[in-house]
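Engineer: Pasting in a structure now, in structure tokens, and then I'll have a few things to ask.
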4 protein chains.
Amino acid sequence: VLSRYREVRDLTDRLAAPLSPEDQVVQSMPDCSPTKWHRAHTTWFFETFVVGEATYDPRFSYFFNSYYEAVGPRWSRAERGLLTRPSVETVAAYRRHVDDAMATFLAGDVPDDVLEIVELGLHHEEQHQELLLMDCKHLLSRNPEDGTYVAGELPTGGRTPKLTWTASEGGIVGVGAGPDGFGFDNERPRHDVLLAPFELADRLVTNEEWQAFVDDGGYRRPELWLSDGWALVQAERWEAPLYWLPEGEFTLRGVQPLVSSAPVCHVSYYEADAFAHWSGARLPLEAEWELVAASRSVAGNFLDDDVLHPTGSESPFGDVWQWTASSYSPYPGFRAAPGAVGEYNGKFMVNQHVLRGGSCVTPRSHVRATYRNFYPPAARWAFSGVRLARSL
Amino acid sequence: VLSRYREVRDLTDRLAAPLSPEDQVVQSMPDCSPTKWHRAHTTWFFETFVVGEATYDPRFSYFFNSYYEAVGPRWSRAERGLLTRPSVETVAAYRRHVDDAMATFLAGDVPDDVLEIVELGLHHEEQHQELLLMDCKHLLSRNPEDGTYVAGELPTGGRTPKLTWTASEGGIVGVGAGPDGFGFDNERPRHDVLLAPFELADRLVTNEEWQAFVDDGGYRRPELWLSDGWALVQAERWEAPLYWLPEGEFTLRGVQPLVSSAPVCHVSYYEADAFAHWSGARLPLEAEWELVAASRSVAGNFLDDDVLHPTGSESPFGDVWQWTASSYSPYPGFRAAPGAVGEYNGKFMVNQHVLRGGSCVTPRSHVRATYRNFYPPAARWAFSGVRLARSL
Amino acid sequence: VLSRYREVRDLTDRLAAPLSPEDQVVQSMPDCSPTKWHRAHTTWFFETFVVGEATYDPRFSYFFNSYYEAVGPRWSRAERGLLTRPSVETVAAYRRHVDDAMATFLAGDVPDDVLEIVELGLHHEEQHQELLLMDCKHLLSRNPEDGTYVAGELPTGGRTPKLTWTASEGGIVGVGAGPDGFGFDNERPRHDVLLAPFELADRLVTNEEWQAFVDDGGYRRPELWLSDGWALVQAERWEAPLYWLPEGEFTLRGVQPLVSSAPVCHVSYYEADAFAHWSGARLPLEAEWELVAASRSVAGNFLDDDVLHPTGSESPFGDVWQWTASSYSPYPGFRAAPGAVGEYNGKFMVNQHVLRGGSCVTPRSHVRATYRNFYPPAARWAFSGVRLARSL
Amino acid sequence: VLSRYREVRDLTDRLAAPLSPEDQVVQSMPDCSPTKWHRAHTTWFFETFVVGEATYDPRFSYFFNSYYEAVGPRWSRAERGLLTRPSVETVAAYRRHVDDAMATFLAGDVPDDVLEIVELGLHHEEQHQELLLMDCKHLLSRNPEDGTYVAGELPTGGRTPKLTWTASEGGIVGVGAGPDGFGFDNERPRHDVLLAPFELADRLVTNEEWQAFVDDGGYRRPELWLSDGWALVQAERWEAPLYWLPEGEFTLRGVQPLVSSAPVCHVSYYEADAFAHWSGARLPLEAEWELVAASRSVAGNFLDDDVLHPTGSESPFGDVWQWTASSYSPYPGFRAAPGAVGEYNGKFMVNQHVLRGGSCVTPRSHVRATYRNFYPPAARWAFSGVRLARSL
């Protein structure tokens with residue numbers, strides 16, 4: 001477990017390495033957090049829930065608690081970018097300090113329930129690795145002329161492959177994580193769901209298809225949109241996915257040409273739903289997606305591949321998180337864990353939709369068929385895209 | 001059909017009768033509409049979708065279209081209260097004008113598909129009868145010392161009856177409206193759902209029980225709340241249901257003593273959910289509610305009873321709309337109707353939760369077991385309350 | 001004094017007479033008040049400061065106090081439009097009730113200091129007569145197709161007369177009201193001011209001249225504007241005076257053709273200042289204006305003329321209030337009156353500019369050379385225009 | 001001139017030196033700018049208005065133009081904190097690059113009008129030295145536990161000295177800068193003003209006196225306040241000057257004990273005016289202040305003294321900027337300079353009040369008796385305080 005601990009922790013620091021102290025401290029919108037904050041918060045998680053005492057600096061629990069009401073008061077989320085201190089360097093020292101404490105701790109006789117918290121902490125840190133990249137992409141996008149995270153070219157792609165579908169008879173199917181192995185509480189308990197016959201697209205919606213939607217007046221035709229979505233299109237003057245620019249697409253490698261055959265990325269639920277209407281299909285239910293994905297191994301384009309941008313593959317996993325038609329609700333019989341970590345998931349189960357499959361900035365080991373990600377329907381800064389479904 | 005038409009239309013005017021021109025023109029918040037607007041909009045619906053031409057005043061389609069993008073541009077919803085003209089008197093004349101046109105029209109040979117639109121228009125007007133009362137209650141509540149809609153005393157109630165439960169084995173159950181009879185498009189198609197064993201409370205949560213929740217710190221304990229709900233509790237300083245006052249409860253009959261045994265009313269989904277957590281139970285799924293209600297006849301406290309306030313009964317119907325744990329989503333195979341009336345329901349299927357059962361300001365004939373009402377989780381001005389459920 | 005009392009009070013009711021109850025209750029923006037409120041508030045002033053007790057309805061002091069902190073708490077200004085009750089009819093009865101009390105009171109032996117308050121109350125009511133027309137014009141303008149206050153045509157005007165100037169040597173000049181006669185506290189004490197030589201235009205800026213400013217890119221050239229004004233031009237997308245429409249101008253007589261030779265009206269200080277820059281002149285200081293006006297009798301186009309729209313004249317008075325370059329500050333030695341009426345003027349002496357001369361909706365008897373009106377620089381709903389000045 | 005150039009430019013970098021890259025990049029409110037931005041913007045001023053071409057990086061004119069419309073489009077002021085790039089290091093290199101160009105330029109034959117722009121640029125940079133300290137104080141104050149700019153103790157002070165007054169007969173007095181020597185355009189032209197007899201306090205209002213105001217309910221008594229000020233007191237819950245804390249006062253040297261005899265600092269115009277009312281005095285006119293100060297030499301507590309906090313002295317200058325009762329208006333005959341630098345002052349002459357005297361973070365050489373500083377009446381983050389006046 002210590003070697004897995006070190007691996008995960010090191011990756012976080014490697015992801016932060018291309019960013020200057022200036023890049024690591026600024027918060028570009030209330031939904032985002034500074035890189036420095038992600039690095040400190042994930043450390044605080046281990047310090048608070050495993051080590052159990054704040055020995056580095058007593059103020060850090062106030063600064064770096066995210067949303068755990070049971071742990072105590074905390075710095076306002078929208079003002080994380082005001083914390084110029086502690087410095088990036090001090091946060092690095094804090095990480096080393098807690099890593100040393102954890103090394104000592106894990107060398108001892110660790111009870112199983114604490115090991116479970118350690119594992120939770122590592123999955124938690126993997127989530128923040130993705131958030132770190134999402135958030136720094138958003139920040140850097142505000143200054144697109146000078147916003148490269150790392151240099152390098154992206155694959156140029158080819159033609160959009162023909163769209164084929166995988167059909168399913170549906171019926172009573174099991175959904176969710178079983179009792180063994182790691183899973184977040186929101187994936188449990190495993191339970192039966194009744195599905196009607198359906199088919200799921202074998203690949204993601206591409207930029208080329210999205211361009212056709214745009215060209216067909218997709219962002220100007222209210223009949224395609226949910227009412228709340230249409231209001232937002234007008235208020236925010238949306239005309240294309242978040243990072244599309246006249247001269248290409250903003251990526252973690254700076255502004256790059258838009259690759260026609262690559263999966264579209266950074267669209268909201270509203271856009272995904274409008275596109276599905278326009279195309280004559282619909283978004284899948286999360287259970288439909290899981291039924292198809294459960295028989296496949298986790299493969300595709302992940303953070304480990306270091307492309308940091310969707311490219312497309314034949315796997316149901318990877319490239320972009322896929323919006324589902326399912327609102328984020330507790331599974332029948334869901335129970336939050338006791339104590340503060342019980343606040344991990346359950347309290348967010350309203351006003352959000354489930355996304356499935358992982359993205360090009362998710363660690364591959366973090367992804368599984370039962371994994372439930374979730375964002376509000378207006379969110380666009382996640383690496384989110386679309387896979388279509390149809391009823392049979 | 002003409003006699004049913006006249007009955008529904010007359011009721012609207014009777015509901016408006018206690019209100020002065022001043023009361024009928026003001027809009028107390030963007031979600032509410034002036035009484036005058038409700039009276040004109042329901043008339044516009046028949047003029048537009050049945051009569052098919054605007055012969056009274058061509059401007060009225062701009063003023064009184066609610067949200068039908070396909071019909072054309074329209075006056076801003078949040079500014080309906082700026083329309084001091086046409087006057088209440090002119091709106092009454094407009095109603096008579098269209099009623100005359102409808103009488104002529106209905107005396108002729110009306111095709112079946114048009115008769116369906118007439119029936120839709122009448123159900124639509126019944127919805128606005130409830131909205132008219134909700135909205136004028138909200139307006140009058142802003143001036144509670146002088147805010148009586150109609151005079152009269154309310155039943156004083158007795159003790160809260162003991163809570164008993166109706167158990168169900170669940171299994172595969174049919175949900176939704178079948179092909180015959182009137183139903184909104186969002187109730188269709190009828191389809192199968194798989195339910196786990198559960199039980200549903202035989203009565204609604206009462207004011208006495210809600211007071212116990214308040215007394216136990218219900219509005220001050222974040223662990224009971226969804227995260228978005230807790231943020232709202234703090235931002236809006238919620239401490240009790242919307243119309244509770246130190247000296248009683250604001251009702252359509254002015255400020256009245258709070259009746260312990262009466263069902264609690266005017267709570268948001270967030271409050272309903274927090275209460276359910278606190279009580280150790282949960283909110284029902286809409287399919288659970290429908291399964292129990294489908295075997296019962298529609299009885300209880302409705303607009304027809306002219307109490308205009310919840311009193312409690314043994315019926316699953318009436319008194320207050322009951323929040324369910326189900327977000328408002330399309331049923332599998334849902335299709336919106338073609339044309340403008342297709343905007344009736346489908347485009348609102350996001351960011352809302354389903355409520356079931358009808359309320360003391362709903363016409364009884366408007367209610368059925370498959371009926372799906374819906375509001376955003378923060379809404380409190382509807383006559384909304386709570387019935388608990390438990391998994392078995 | 002009773003006959004003057006009756007005359008002023010009657011005029012208020014005559015001004016309200018063309019407005020329906022619906023028109024009298026709605027508030028179109030926070031700066032405006034409903035007609036009903038103006039009618040009640042002016043009555044409350046006499047009841048509170050002269051009669052001295054609230055015998056009609058004790059709640060009315062809460063509803064109809066405008067801003068007198070010393071009198072007690074009051075209904076929020078921005079929510080005056082929520083008060084659908086008391087009705088317009090009740091407010092009329094309230095007026096009669098207080099008028100009766102005042103008649104009895106004034107028939108007795110009234111001390112001089114109380115007579116002064118009565119006189120203040122009458123000037124106060126004259127101010128609200130103008131506000132009533134300003135506010136109802138704003139409300140009706142929101143619905144321009146159906147927004148006539150009273151019918152009737154406006155004079156068509158001729159050509160803009162040639163611009164001539166009245167020169168002054170300046171020097172040490174007396175400014176402000178002397179100890180005798182009625183004057184608001186902000187006009188006192190009379191004091192000396194040192195003026196450099198200047199000249200003042202003999203007529204107001206006309207619509208024709210303003211159109212030339214518009215045509216020359218006046219609303220698109222930042223170099224002409226104060227920085228705060230330019231920000232507002234962009235935020236509010238100003239392109240012309242408030243009530244200019246493509247098809248003419250919105251007036252109290254509905255939409256009418258724009259009369260070239262008539263004084264421009266409904267411009268903000270920012271617009272007035274930008275126009276002055278563009279024209280190579282400047283706005284006058286209030287002392288400059290007063291020096292010229294003091295030698296002239298009060299004549300011109302006032303409320304008494306019942307045109308209700310600027311037409312132009314040779315008088316320095318009437319038609320439109322004229323923005324001056326002087327910010328609204330206390331005169332040297334200014335002292336607010338003791339007690340609640342001391343809140344009349346002094347506490348507003350910041351963030352506003354002085355306007356002089358009276359307008360076509362001001363009672364003629366209300367105007368004098370020393371009169372100081374004031375509005376924030378962004379305000380456009382007053383009947384405000386421009387007279388130019390130049391340094392010599 | 002080159003040696004003066006180097007001196008000023010070096011001081012800016014010395015002031016930035018205690019701040020980390022993180023401290024230099026964050027913007028704590030729209031009124032403030034990041035330290036990095038101040039360093040770059042002052043450099044851009046010389047590059048644009050003296051050197052005349054952008055040779056370092058063509059994007060910098062877009063990033064670092066503050067408000068010069070005539071120079072071209074620019075980055076939004078409220079989003080200066082989003083610019084994590086160019087880095088602090090690059091900005092330092094940019095400074096060196098332009099300094100080299102300036103050294104070459106100044107070694108040549110520089111026409112007089114360009115020398116004037118150089119002098120303007122140096123005074124401009126001195127203004128930004130003060131802004132840099134104001135803005136970083138505001139930023140650091142948001143994190144008071146870890147917000148020290150530089151370490152060191154402050155003088156402990158003694159008792160508040162007795163208040164004495166300097167009387168003046170007033171009369172016609174000259175105000176403003178004469179034609180010779182450096183002065184901003186807003187100080188000119190020198191002109192005559194007529195003053196009534198008055199007296200001006202010989203020292204600033206102290207913390208002890210302000211505490212008495214607080215203790216006497218100063219922040220809870222509406223009768224003391226301008227109406228706009230009172231609205232702000234309630235909306236922002238002001239109870240004391242900006243940086244007062246329960247445990248002392250936030251300063252550039254961290255949290256320090258409040259020194260009774262030191263001048264109160266970081267109060268708005270509204271607070272200054274309310275205090276003056278409470279004390280039975282008033283704020284001085286700017287001409288009154290200038291008349292008294294013109295006969296004194298510039299002495300007192302300035303940036304050069306390196307205390308960075310008000311301590312009190314017998315000079316009319318230094319310690320804190322003193323709010324005057326004069327709104328910021330153009331002097332009679334004022335003309336903005338031709339070209340882009342004409343935007344320096346004139347376009348801000350509305351909605352602000354004049355402050356006089358310089359502060360403990362103003363370079364001494366920057367201050368003179370005719371100097372007019374200005375802020376909106378709600379501003380509190382400047383080093384602003386109060387000197388009382390009285391009419392005789």
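Order determines the names: the first chain of the structure tokens is A, the second B, and so forth; residues in each chain are numbered 1 upward, and ligands are numbered 1 upward as they are shown.
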Residues near Val264 in chain D, anyone? I mean within 8 Å using only C-alpha atoms, not counting same-chain ones fewer than 3 positions away, as a ChimeraX atom specification.
Structural biologist: /D:204-207,210,241,267,310,385-386
Engineer: Pull all heavy atoms from the residues just selected and write them as a JSON list (two decimals), in the first residue's frame.
Structural biologist:
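What landed in again26.json:
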```json
[["chain", "number", "residue", "atom", "x", "y", "z"],
["D", 204, "LEU", "N", -4.87, 65.47, 12.91],
["D", 204, "LEU", "CA", -5.85, 64.52, 12.36],
["D", 204, "LEU", "C", -6.70, 63.92, 13.48],
["D", 204, "LEU", "O", -6.29, 63.88, 14.64],
["D", 204, "LEU", "CB", -5.10, 63.41, 11.62],
["D", 204, "LEU", "CG", -4.28, 63.89, 10.42],
["D", 204, "LEU", "CD1", -3.23, 62.84, 10.03],
["D", 204, "LEU", "CD2", -5.19, 64.20, 9.24],
["D", 205, "VAL", "N", -7.87, 63.42, 13.12],
["D", 205, "VAL", "CA", -8.70, 62.67, 14.06],
["D", 205, "VAL", "C", -7.97, 61.37, 14.41],
["D", 205, "VAL", "O", -7.42, 60.71, 13.53],
["D", 205, "VAL", "CB", -10.08, 62.37, 13.44],
["D", 205, "VAL", "CG1", -10.86, 61.38, 14.28],
["D", 205, "VAL", "CG2", -10.85, 63.68, 13.26],
["D", 206, "THR", "N", -7.98, 61.02, 15.69],
["D", 206, "THR", "CA", -7.21, 59.84, 16.13],
["D", 206, "THR", "C", -8.10, 58.63, 16.37],
["D", 206, "THR", "O", -9.33, 58.72, 16.44],
["D", 206, "THR", "CB", -6.48, 60.15, 17.45],
["D", 206, "THR", "OG1", -7.49, 60.36, 18.46],
["D", 206, "THR", "CG2", -5.59, 61.36, 17.33],
["D", 207, "ASN", "N", -7.45, 57.50, 16.52],
["D", 207, "ASN", "CA", -8.17, 56.25, 16.83],
["D", 207, "ASN", "C", -8.97, 56.38, 18.13],
["D", 207, "ASN", "O", -10.06, 55.82, 18.24],
["D", 207, "ASN", "CB", -7.18, 55.10, 16.96],
["D", 207, "ASN", "CG", -6.62, 54.67, 15.61],
["D", 207, "ASN", "OD1", -7.35, 54.67, 14.61],
["D", 207, "ASN", "ND2", -5.35, 54.32, 15.58],
["D", 210, "TRP", "N", -12.05, 58.17, 17.34],
["D", 210, "TRP", "CA", -12.93, 57.32, 16.54],
["D", 210, "TRP", "C", -13.59, 56.26, 17.42],
["D", 210, "TRP", "O", -14.77, 55.92, 17.25],
["D", 210, "TRP", "CB", -12.16, 56.67, 15.39],
["D", 210, "TRP", "CG", -13.10, 56.27, 14.29],
["D", 210, "TRP", "CD1", -13.76, 55.09, 14.19],
["D", 210, "TRP", "CD2", -13.51, 57.07, 13.19],
["D", 210, "TRP", "NE1", -14.57, 55.10, 13.07],
["D", 210, "TRP", "CE2", -14.43, 56.30, 12.44],
["D", 210, "TRP", "CE3", -13.19, 58.36, 12.74],
["D", 210, "TRP", "CZ2", -15.03, 56.79, 11.27],
["D", 210, "TRP", "CZ3", -13.79, 58.83, 11.58],
["D", 210, "TRP", "CH2", -14.70, 58.05, 10.87],
["D", 241, "PRO", "N", -13.60, 51.20, 11.22],
["D", 241, "PRO", "CA", -12.77, 51.35, 10.01],
["D", 241, "PRO", "C", -12.39, 49.99, 9.42],
["D", 241, "PRO", "O", -12.41, 48.97, 10.12],
["D", 241, "PRO", "CB", -11.54, 52.11, 10.52],
["D", 241, "PRO", "CG", -12.07, 52.93, 11.66],
["D", 241, "PRO", "CD", -13.08, 52.02, 12.33],
["D", 267, "VAL", "N", -10.96, 54.96, 6.44],
["D", 267, "VAL", "CA", -12.38, 55.27, 6.55],
["D", 267, "VAL", "C", -12.85, 55.87, 5.22],
["D", 267, "VAL", "O", -12.08, 56.50, 4.50],
["D", 267, "VAL", "CB", -12.67, 56.27, 7.71],
["D", 267, "VAL", "CG1", -12.35, 55.63, 9.05],
["D", 267, "VAL", "CG2", -11.92, 57.57, 7.52],
["D", 310, "PRO", "N", 0.19, 55.20, 9.74],
["D", 310, "PRO", "CA", 0.10, 56.57, 10.29],
["D", 310, "PRO", "C", 0.53, 56.62, 11.75],
["D", 310, "PRO", "O", 0.24, 55.72, 12.54],
["D", 310, "PRO", "CB", -1.38, 56.92, 10.14],
["D", 310, "PRO", "CG", -2.11, 55.66, 9.88],
["D", 310, "PRO", "CD", -1.14, 54.68, 9.31],
["D", 385, "GLY", "N", -8.06, 59.38, 5.98],
["D", 385, "GLY", "CA", -8.46, 59.76, 7.32],
["D", 385, "GLY", "C", -9.16, 61.10, 7.32],
["D", 385, "GLY", "O", -9.69, 61.54, 6.30],
["D", 386, "VAL", "N", -9.15, 61.76, 8.48],
["D", 386, "VAL", "CA", -9.99, 62.94, 8.67],
["D", 386, "VAL", "C", -9.26, 64.06, 9.39],
["D", 386, "VAL", "O", -8.63, 63.83, 10.44],
["D", 386, "VAL", "CB", -11.25, 62.59, 9.51],
["D", 386, "VAL", "CG1", -12.20, 63.78, 9.58],
["D", 386, "VAL", "CG2", -11.96, 61.36, 8.97]]
```
Engineer: If we count only C-alpha atoms, which residues of chain C reach to within 7 Å of chain D? Please list them as a ChimeraX atom specification.
Structural biologist: /C:69,193-194,222,225-227,327,347-348,351
Engineer: Between C:Ser384, C:Thr35, C:Ser313, C:Ser365, which residue has the minimum interatomic distance to Ala272 in chain C, considering only C-alpha atoms?
Structural biologist: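 Checking each candidate against Ala272 in chain C, we get C:Ser384 as the closest.
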Engineer: Check range 80-172 of chain C with DSSP on the backbone and list each residue it calls helix (DSSP H, G or I), as JSON, numbers by chain.
Structural biologist: {"C": [80, 81, 82, 88, 89, 90, 91, 92, 93, 94, 95, 96, 97, 98, 99, 100, 101, 102, 103, 104, 105, 106, 107, 112, 113, 114, 115, 116, 117, 118, 119, 120, 121, 122, 123, 124, 125, 126, 127, 128, 129, 130, 131, 132, 133, 134, 135, 136, 137, 138, 139, 140, 141, 144, 145, 146]}
Engineer: Contacts of Phe46 in chain B at 9 Å or less, counting only C-alpha atoms, minus same-chain residues fewer than 6 places along, as a PDB file with N, CA, C and O atoms, in the first residue's frame?
Structural biologist:
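Here's the written file selection14.pdb:
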```pdb
ATOM      1  N   GLY B  52     -57.821  29.642 -33.447  1.00  0.00           N
ATOM      2  CA  GLY B  52     -56.808  29.719 -34.495  1.00  0.00           C
ATOM      3  C   GLY B  52     -56.561  31.107 -35.060  1.00  0.00           C
ATOM      4  O   GLY B  52     -55.720  31.289 -35.933  1.00  0.00           O
ATOM      5  N   VAL B  98     -63.772  35.460 -26.442  1.00  0.00           N
ATOM      6  CA  VAL B  98     -63.284  34.139 -26.866  1.00  0.00           C
ATOM      7  C   VAL B  98     -64.283  33.055 -26.462  1.00  0.00           C
ATOM      8  O   VAL B  98     -64.483  32.066 -27.184  1.00  0.00           O
ATOM      9  N   ASP B  99     -64.941  33.237 -25.335  1.00  0.00           N
ATOM     10  CA  ASP B  99     -65.966  32.255 -24.945  1.00  0.00           C
ATOM     11  C   ASP B  99     -67.088  32.209 -25.981  1.00  0.00           C
ATOM     12  O   ASP B  99     -67.591  31.127 -26.308  1.00  0.00           O
ATOM     13  N   MET B 102     -65.770  30.380 -28.912  1.00  0.00           N
ATOM     14  CA  MET B 102     -65.688  28.948 -28.616  1.00  0.00           C
ATOM     15  C   MET B 102     -67.082  28.308 -28.648  1.00  0.00           C
ATOM     16  O   MET B 102     -67.231  27.167 -29.108  1.00  0.00           O
ATOM     17  N   ILE B 117     -57.627  19.019 -28.210  1.00  0.00           N
ATOM     18  CA  ILE B 117     -56.973  20.273 -27.824  1.00  0.00           C
ATOM     19  C   ILE B 117     -57.887  21.055 -26.868  1.00  0.00           C
ATOM     20  O   ILE B 117     -57.419  21.688 -25.912  1.00  0.00           O
ATOM     21  N   VAL B 118     -59.190  21.016 -27.115  1.00  0.00           N
ATOM     22  CA  VAL B 118     -60.113  21.680 -26.192  1.00  0.00           C
ATOM     23  C   VAL B 118     -59.977  21.073 -24.794  1.00  0.00           C
ATOM     24  O   VAL B 118     -59.870  21.792 -23.797  1.00  0.00           O
ATOM     25  N   GLY B 121     -56.952  22.224 -23.267  1.00  0.00           N
ATOM     26  CA  GLY B 121     -57.113  23.613 -22.832  1.00  0.00           C
ATOM     27  C   GLY B 121     -57.845  23.716 -21.501  1.00  0.00           C
ATOM     28  O   GLY B 121     -57.542  24.599 -20.679  1.00  0.00           O
ATOM     29  N   LEU B 122     -58.796  22.810 -21.288  1.00  0.00           N
ATOM     30  CA  LEU B 122     -59.534  22.858 -20.012  1.00  0.00           C
ATOM     31  C   LEU B 122     -58.660  22.374 -18.859  1.00  0.00           C
ATOM     32  O   LEU B 122     -58.662  22.959 -17.770  1.00  0.00           O
TER      33      LEU B 122
END
```
Engineer: Mind checking DSSP for range 192-310 of chain D and telling me the strand (DSSP E or B) residues as a PyMOL selection string?
Structural biologist: chain D and resi 192-195+198-201+206+244-245+248-251+254-256+263+282
Engineer: Check the smallest atom-to-atom distance from each of A:Ala262, A:Leu106, A:Ala78, A:Ala240 to Gly158 in chain A using only C-alpha atoms, then report the winner.
Structural biologist: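 Residue with the minimum atom-to-atom distance to Gly158 in chain A: A:Ala262.
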Engineer: Could you give me, as a list of chain:residue names, the residues within 12 Å of Arg74 in chain C, counting only C-alpha atoms and dropping anything in the same chain fewer than 5 positions from it?
Structural biologist: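 The neighbour list is C:His41, C:Arg59, C:Phe60, C:Ser61, C:Tyr62, C:Phe63, C:Phe64, C:Asn65, C:Ser66, C:Tyr67, C:Tyr68, C:Glu69, C:Glu79, C:Arg80.
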Engineer: Let me make sure I understand: among D:Trp381, D:Trp165, D:Ala40, D:Leu83, which one has the smallest atom-to-atom distance to Tyr243 in chain D if we use only C-alpha atoms?
Structural biologist: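 Smallest distance to Tyr243 in chain D is found for D:Trp381.
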Engineer: Name the closest residue to Pro155 in chain B among the candidates B:Ser20, B:Thr311, B:Gln27, B:Thr104; distances are taken between atoms, counting only C-alpha atoms.
Structural biologist: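 So, comparing all the options, the nearest one is B:Thr311.
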